[in-house]
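S.K.: What follows is the file coords02.txt, containing compact mmCIF, C-alpha atoms:
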# COMPACT_ATOMS: atom_id res chain seq x y z
CA MET M 29 -14.17 5.88 -0.74
CA ASN M 30 -10.73 4.39 -0.10
CA SER M 31 -11.50 3.94 3.58
CA ILE M 32 -14.59 1.90 2.62
CA ILE M 33 -12.46 -0.32 0.37
CA ALA M 34 -9.86 -0.72 3.12
CA CYS M 35 -12.60 -1.65 5.61
CA LEU M 36 -14.07 -4.24 3.24
CA LEU M 37 -10.64 -5.74 2.54
CA SER M 38 -9.87 -5.84 6.26
CA SER M 39 -13.07 -7.83 6.74
CA TYR M 40 -11.98 -10.13 3.90
CA LEU M 41 -8.63 -10.62 5.68
CA VAL M 42 -10.36 -11.71 8.86
CA LEU M 43 -12.45 -14.20 6.87
CA ILE M 44 -9.37 -15.58 5.11
CA GLN M 45 -7.45 -15.97 8.36
CA ALA M 46 -10.39 -17.50 10.22
CA ALA M 47 -11.25 -20.02 7.50
CA PRO M 48 -10.70 -23.59 8.66
CA ASN M 49 -7.70 -25.29 7.17
CA ALA M 50 -8.74 -28.09 4.81
CA THR M 51 -5.56 -30.10 5.49
CA GLY M 52 -6.14 -30.24 9.25
CA ASN M 53 -2.96 -28.28 9.98
CA ALA M 54 -2.82 -25.52 12.57
CA THR M 55 -3.62 -21.99 11.41
CA ILE M 56 -1.18 -19.08 11.64
CA ASP M 57 -2.41 -15.48 11.91
CA LEU M 58 -0.37 -13.27 9.59
CA ILE M 59 0.11 -9.50 9.61
CA VAL M 60 1.24 -6.96 7.02
CA GLU M 61 3.65 -4.18 8.03
CA PRO M 62 2.94 -1.45 7.22
CA GLU M 63 -0.78 -2.23 7.35
CA PHE M 64 -1.57 -0.31 4.14
CA PRO M 65 1.68 -0.15 2.17
CA VAL M 66 2.11 2.32 -0.66
CA VAL M 67 3.84 1.61 -3.95
CA GLY M 68 7.64 1.57 -3.59
CA VAL M 69 8.05 0.66 0.10
CA THR M 70 9.32 -2.58 1.63
CA VAL M 71 6.48 -4.63 3.07
CA PHE M 72 6.74 -7.45 5.62
CA LEU M 73 4.34 -10.40 5.75
CA LYS M 74 4.87 -12.17 9.04
CA PRO M 75 3.28 -14.49 11.54
CA LYS M 76 1.82 -12.88 14.68
CA THR M 77 3.47 -15.57 16.80
CA VAL M 78 6.91 -17.07 16.39
CA SER M 79 7.27 -20.80 16.77
CA GLU M 80 10.35 -22.42 18.20
CA LYS M 81 12.31 -25.05 16.35
CA ILE M 82 11.15 -24.01 12.87
CA THR M 83 12.60 -26.35 10.26
CA SER M 84 11.31 -24.65 7.10
CA CYS M 85 8.91 -22.06 5.72
CA SER M 86 7.35 -21.98 2.29
CA TRP M 87 5.61 -18.99 0.71
CA ALA M 88 3.20 -18.97 -2.21
CA ARG M 89 0.72 -16.50 -3.67
CA GLY M 90 -2.70 -16.87 -5.28
CA GLU M 91 -5.81 -18.86 -4.48
CA ASP M 92 -5.62 -22.46 -3.25
CA ALA M 93 -6.26 -24.08 -6.64
CA THR M 94 -4.03 -21.75 -8.67
CA TYR M 95 -1.30 -20.64 -6.30
CA THR M 96 2.30 -20.03 -7.41
CA GLU M 97 5.15 -21.07 -5.12
CA ILE M 98 7.58 -18.26 -4.28
CA LEU M 99 10.22 -19.95 -2.16
CA VAL M 100 11.04 -22.57 0.46
CA TYR M 101 13.37 -21.43 3.23
CA GLU M 102 15.07 -24.25 5.13
CA LEU M 103 16.44 -23.20 8.51
CA ARG M 104 17.74 -26.56 9.71
CA PRO M 105 20.25 -28.05 9.50
CA ALA M 106 21.71 -25.01 7.65
CA PRO M 107 19.81 -22.01 6.19
CA LYS M 108 19.07 -22.47 2.48
CA ILE M 109 16.62 -20.79 0.07
CA HIS M 110 14.96 -22.85 -2.65
CA LYS M 111 13.70 -20.39 -5.27
CA LYS M 112 10.46 -21.36 -7.00
CA ALA M 113 8.57 -20.12 -10.08
CA GLY M 114 7.11 -17.06 -8.31
CA TYR M 115 10.42 -15.92 -6.81
CA ASN M 116 12.20 -12.70 -7.66
CA THR M 117 15.07 -10.83 -6.04
CA ARG M 118 12.66 -8.56 -4.12
CA HIS M 119 11.53 -11.55 -1.98
CA ILE M 120 13.58 -12.06 1.18
CA PRO M 121 12.66 -14.66 3.83
CA GLY M 122 13.25 -14.09 7.55
CA LYS M 123 14.24 -16.55 10.27
CA ASP M 124 10.80 -16.02 11.86
CA CYS M 125 9.17 -17.23 8.60
CA SER M 126 8.42 -13.67 7.52
CA LEU M 127 8.63 -12.58 3.90
CA SER M 128 9.74 -9.10 2.93
CA ILE M 129 8.96 -7.70 -0.48
CA LYS M 130 11.14 -4.77 -1.51
CA ASN M 131 9.81 -1.97 -3.72
CA VAL M 132 6.25 -3.32 -3.56
CA SER M 133 3.97 -2.58 -6.52
CA LYS M 134 0.31 -2.99 -7.46
CA ALA M 135 1.31 -6.23 -9.25
CA ASP M 136 2.20 -7.70 -5.82
CA MET M 137 -1.41 -7.50 -4.61
CA ASP M 138 -2.60 -11.06 -3.98
CA VAL M 139 -3.35 -13.64 -1.32
CA TYR M 140 -0.08 -14.85 0.23
CA ILE M 141 0.16 -18.28 1.82
CA LEU M 142 2.71 -19.35 4.45
CA GLN M 143 3.35 -22.96 5.40
CA ARG M 144 5.53 -23.14 8.50
CA ASN M 145 7.05 -26.50 9.41
CA ALA M 146 8.38 -27.00 12.92
CA SER M 147 9.27 -29.95 15.08
CA THR M 148 5.87 -29.49 16.73
CA GLY M 149 3.94 -29.72 13.43
CA THR M 150 2.84 -27.80 10.36
CA ALA M 151 0.83 -24.57 10.35
CA ILE M 152 -0.63 -22.60 7.46
CA GLY M 153 -1.63 -18.96 7.20
CA LYS M 154 -3.07 -16.70 4.51
CA ILE M 155 -3.25 -12.95 4.14
CA TYR M 156 -4.25 -10.51 1.40
CA LEU M 157 -1.66 -7.88 0.50
CA LEU M 158 -3.30 -4.58 -0.47
CA VAL M 159 -0.98 -2.01 -2.07
CA ILE M 160 -2.15 1.55 -2.62
CA LYS M 161 -0.75 4.38 -4.69
CA GLU M 162 0.62 7.20 -2.59
CA ASN M 163 -2.07 9.60 -3.80
CA GLU M 164 -4.95 7.19 -3.08
CA GLY M 165 -5.17 8.10 0.59
CA PRO M 166 -7.28 10.95 1.91
CA GLU M 167 -6.99 13.74 -0.61
CA LYS M 168 -4.61 16.47 0.37
CA ARG M 169 -6.16 19.86 0.04
CA LYS M 170 -4.35 21.93 -2.55
CA GLY M 171 -4.68 25.67 -2.38
CA LEU M 172 -3.07 28.84 -3.60
CA SER M 173 0.10 30.10 -1.99
CA THR M 174 0.12 33.39 -0.08
CA ALA M 175 2.13 35.03 -2.89
CA SER M 176 -0.44 33.97 -5.49
CA ILE M 177 -3.28 35.37 -3.39
CA ALA M 178 -1.37 38.68 -2.96
CA VAL M 179 -0.79 38.99 -6.73
CA ILE M 180 -4.47 38.31 -7.43
CA PHE M 181 -5.52 40.90 -4.81
CA VAL M 182 -3.18 43.60 -6.19
CA GLY M 183 -4.35 42.81 -9.74
CA CYS M 184 -7.96 43.20 -8.68
CA LEU M 185 -7.18 46.55 -7.00
CA LEU M 186 -5.36 47.84 -10.08
CA GLY M 187 -8.16 46.64 -12.35
CA THR M 188 -10.77 48.36 -10.19
CA ALA M 189 -8.72 51.59 -10.12
CA LEU M 190 -8.40 51.49 -13.92
CA VAL M 191 -12.16 51.02 -14.39
CA VAL M 192 -12.91 53.90 -11.93
CA ALA M 193 -10.38 56.11 -13.74
CA MET M 194 -11.93 55.34 -17.13
CA ILE M 195 -15.45 56.06 -15.88
CA SER M 196 -14.30 59.29 -14.20
CA TYR M 197 -12.54 60.41 -17.39
CA GLN M 198 -15.64 59.68 -19.46
CA VAL M 199 -17.85 61.61 -17.02
CA TRP M 200 -15.42 64.59 -16.96
CA LYS M 201 -15.19 64.59 -20.78
CA ASP M 202 -19.00 64.52 -21.14
CA SER M 203 -19.44 67.35 -18.58
CA ALA M 204 -16.80 69.51 -20.34
CA LYS M 205 -18.76 69.34 -23.63
CA ARG M 206 -21.89 70.84 -22.04
Rewrite the coordinates I just gave you, this time as structure tokens.
M.R.:
Amino acid sequence: MNSIIACLLSSYLVLIQAAPNATGNATIDLIVEPEFPVVGVTVFLKPKTVSEKITSCSWARGEDATYTEILVYELRPAPKIHKKAGYNTRHIPGKDCSLSIKNVSKADMDVYILQRNASTGTAIGKIYLLVIKENEGPEKRKGLSTASIAVIFVGCLLGTALVVAMISYQVWKDSAKR
């Protein structure tokens, strides 16, 4: 079931990334590392290609009409982070316009938007961050330990021996009365 959901969301990601940009800016392909992060890990949202002479990067989350700005990271003339309404201390920008999110949670699942400004122009990219619980992957088969199986086997043998002994005693007792 989870693999079906992951497949559908992957298709959704391709559609989001391939959608034409309404502002006429160039489009950036973004990636998530790890591809399917679990709750509690650090996740990286980053552009597939790195542009030279980046002047600033801004990150936001949500849909186009209702997005919340996270931060603006100015690289030139000197690196500076402008924290916005959606910022928290788990958000860390990278010089390549990546965004890392420490200790990711289900609440972090959303569409993330990057606007990268460079001397060559502006580019925009979007990606959906899917976060799964650790136990949502393929179910691990749980079974009995070897010791548990041995105890059950010995118990069954003793139970069988007790039943045979009781039946034998009853038969011997009945035959002694005759």
S.K.: List as a PDB file with C-alpha atoms, in the frame of the given file the residues having at least one atom at most 10 Å from position (2.8, -9.5, -8.6) as given in the file, counting all atoms listed in the file.
M.R.:
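Output file point.pdb follows:
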ATOM      1  CA  ARG M  89       0.720 -16.500  -3.670  1.00  0.00           C
ATOM      2  CA  GLY M  90      -2.700 -16.870  -5.280  1.00  0.00           C
ATOM      3  CA  GLY M 114       7.110 -17.060  -8.310  1.00  0.00           C
ATOM      4  CA  ASN M 116      12.200 -12.700  -7.660  1.00  0.00           C
ATOM      5  CA  VAL M 132       6.250  -3.320  -3.560  1.00  0.00           C
ATOM      6  CA  SER M 133       3.970  -2.580  -6.520  1.00  0.00           C
ATOM      7  CA  LYS M 134       0.310  -2.990  -7.460  1.00  0.00           C
ATOM      8  CA  ALA M 135       1.310  -6.230  -9.250  1.00  0.00           C
ATOM      9  CA  ASP M 136       2.200  -7.700  -5.820  1.00  0.00           C
ATOM     10  CA  MET M 137      -1.410  -7.500  -4.610  1.00  0.00           C
ATOM     11  CA  ASP M 138      -2.600 -11.060  -3.980  1.00  0.00           C
TER      12      ASP M 138
END
S.K.: Excluding same-chain residues fewer than 5 positions from Glu80 of chain M, what lies within 10 Å of it counting only C-alpha atoms, as a count of residues only?
M.R.: 4
S.K.: When you count only C-alpha atoms, which of these residues is closest to Ile120 of chain M: M:Ser196, M:Ser79, M:Ser86, M:Ser203?
M.R.: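 Counting only C-alpha atoms, the residue closest to Ile120 of chain M is M:Ser86.
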S.K.: Between M:Val179, M:Val67, M:Leu142, M:Val100, which is the closest to Lys112 of chain M once you count all atoms listed in the file?
M.R.: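 Smallest distance to Lys112 of chain M is found for M:Val100.
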S.K.: Rank M:His119, M:Val192, M:Leu172, M:Thr96 by their smallest atom-to-atom distance to Thr70 of chain M, using all atoms listed in the file, and report the top residue only.
M.R.: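 Smallest distance to Thr70 of chain M is found for M:His119.
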S.K.: Please list as an NGL selection string every residue within 8 Å of Leu58 of chain M, counting all atoms listed in the file and excluding residues in the same chain fewer than 5 positions away.
M.R.: :M and (45 or 73-76 or 153-155)
S.K.: For the residues in the current selection, export C-alpha atoms as a PDB file, in the frame of the given file.
M.R.:
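Done, and the output landed in again.pdb:
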ATOM      1  CA  GLN M  45      -7.450 -15.970   8.360  1.00  0.00           C
ATOM      2  CA  LEU M  73       4.340 -10.400   5.750  1.00  0.00           C
ATOM      3  CA  LYS M  74       4.870 -12.170   9.040  1.00  0.00           C
ATOM      4  CA  PRO M  75       3.280 -14.490  11.540  1.00  0.00           C
ATOM      5  CA  LYS M  76       1.820 -12.880  14.680  1.00  0.00           C
ATOM      6  CA  GLY M 153      -1.630 -18.960   7.200  1.00  0.00           C
ATOM      7  CA  LYS M 154      -3.070 -16.700   4.510  1.00  0.00           C
ATOM      8  CA  ILE M 155      -3.250 -12.950   4.140  1.00  0.00           C
TER       9      ILE M 155
END
S.K.: To one decimal in Å, tell me the separation between atom CA of Val139 of chain M and atom CA of Leu158 of chain M.
M.R.: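 Answer for the atom CA of Val139 of chain M to atom CA of Leu158 of chain M separation: 9.1 Å.
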S.K.: Report, in Å with one decimal, the straight-line distance from atom CA of Tyr197 of chain M to atom CA of Val182 of chain M.
M.R.: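 Computed distance, atom CA of Tyr197 of chain M to atom CA of Val182 of chain M, equals 22.3 Å.
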S.K.: Pick from M:Arg144, M:Arg118, M:Glu102, M:Ile152: nearest to Asn131 of chain M, with only C-alpha atoms counted?
M.R.: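 Closest candidate: M:Arg118.
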S.K.: Any idea what's packed within 10 Å of Glu63 of chain M, counting only C-alpha atoms, ignoring anything in its chain fewer than 5 positions away? Could you give it as an MDAnalysis selection string?
M.R.: chainID M and resid 38 71:73 157:159
